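Let me begin by presenting the structure, written as structure tokens, before commenting on it.
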Amino acid sequence: MALERTLREPIHLLDPELYVEPEPTPGCDICGALVRQLREARNQEGPNYDLTKASDIVVEIGRHPHEDGEPK
Ligand SMILES: [Zn+2]
């Protein structure tokens, strides 16, 4: 089937993870730095353009613990 062949091809640009906006914790320097790196990794015209890295950064922001940084 022609359709099956199309679906097998890698579709990196359509990976939904790449377009998820992570929610950095306000006041967390690490999250702030990660978000900045994420913007750079997503910037096609920038020197640090790397969508694989962008995806990793999104995961990293989601996993960043905030034992001390959480607002009370
Ligand atoms: Zn953080």
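Every chain in the structure tokens takes a letter, A first, then B, and so on in the order presented; its residues are numbered from 1, and the ligands are numbered from 1 following the presented order.
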
Can you pull out the residues contacting range 25-34 of chain A? Cut-off 12 Å, using only C-alpha atoms, and skip same-chain residues under 2 positions away; I want them as a JSON list (two decimals) with C-alpha atoms, in the first residue's frame.
```json
[["chain", "number", "residue", "atom", "x", "y", "z"],
["A", 21, "GLU", "CA", 5.93, 24.39, 25.37],
["A", 22, "PRO", "CA", 7.30, 23.18, 28.67],
["A", 23, "GLU", "CA", 6.34, 25.04, 31.82],
["A", 36, "ARG", "CA", 16.75, 29.67, 26.64],
["A", 37, "GLN", "CA", 18.66, 26.68, 25.28],
["A", 38, "LEU", "CA", 15.41, 25.29, 23.95],
["A", 39, "ARG", "CA", 14.71, 28.46, 22.00],
["A", 40, "GLU", "CA", 18.20, 28.34, 20.54],
["A", 41, "ALA", "CA", 17.87, 24.67, 19.63],
["A", 53, "LYS", "CA", 18.47, 18.44, 21.53],
["A", 54, "ALA", "CA", 15.30, 20.52, 21.71],
["A", 55, "SER", "CA", 13.31, 17.38, 22.38],
["A", 56, "ASP", "CA", 15.77, 16.37, 25.12],
["A", 57, "ILE", "CA", 15.52, 19.79, 26.72],
["A", 58, "VAL", "CA", 11.73, 19.60, 26.84],
["A", 59, "VAL", "CA", 12.04, 16.31, 28.72],
["A", 60, "GLU", "CA", 14.70, 17.76, 31.00],
["A", 61, "ILE", "CA", 12.54, 20.73, 31.95],
["A", 62, "GLY", "CA", 9.66, 18.39, 32.71],
["A", 63, "ARG", "CA", 11.86, 16.30, 34.99],
["A", 64, "HIS", "CA", 13.65, 19.08, 36.80],
["A", 65, "PRO", "CA", 13.00, 18.71, 40.52],
["A", 66, "HIS", "CA", 12.06, 21.75, 42.58],
["A", 67, "GLU", "CA", 12.39, 20.83, 46.21],
["A", 68, "ASP", "CA", 13.55, 24.32, 47.08],
["A", 69, "GLY", "CA", 12.32, 26.33, 44.15],
["A", 70, "GLU", "CA", 8.59, 25.65, 44.45],
["A", 71, "PRO", "CA", 6.52, 28.62, 45.48]]
```
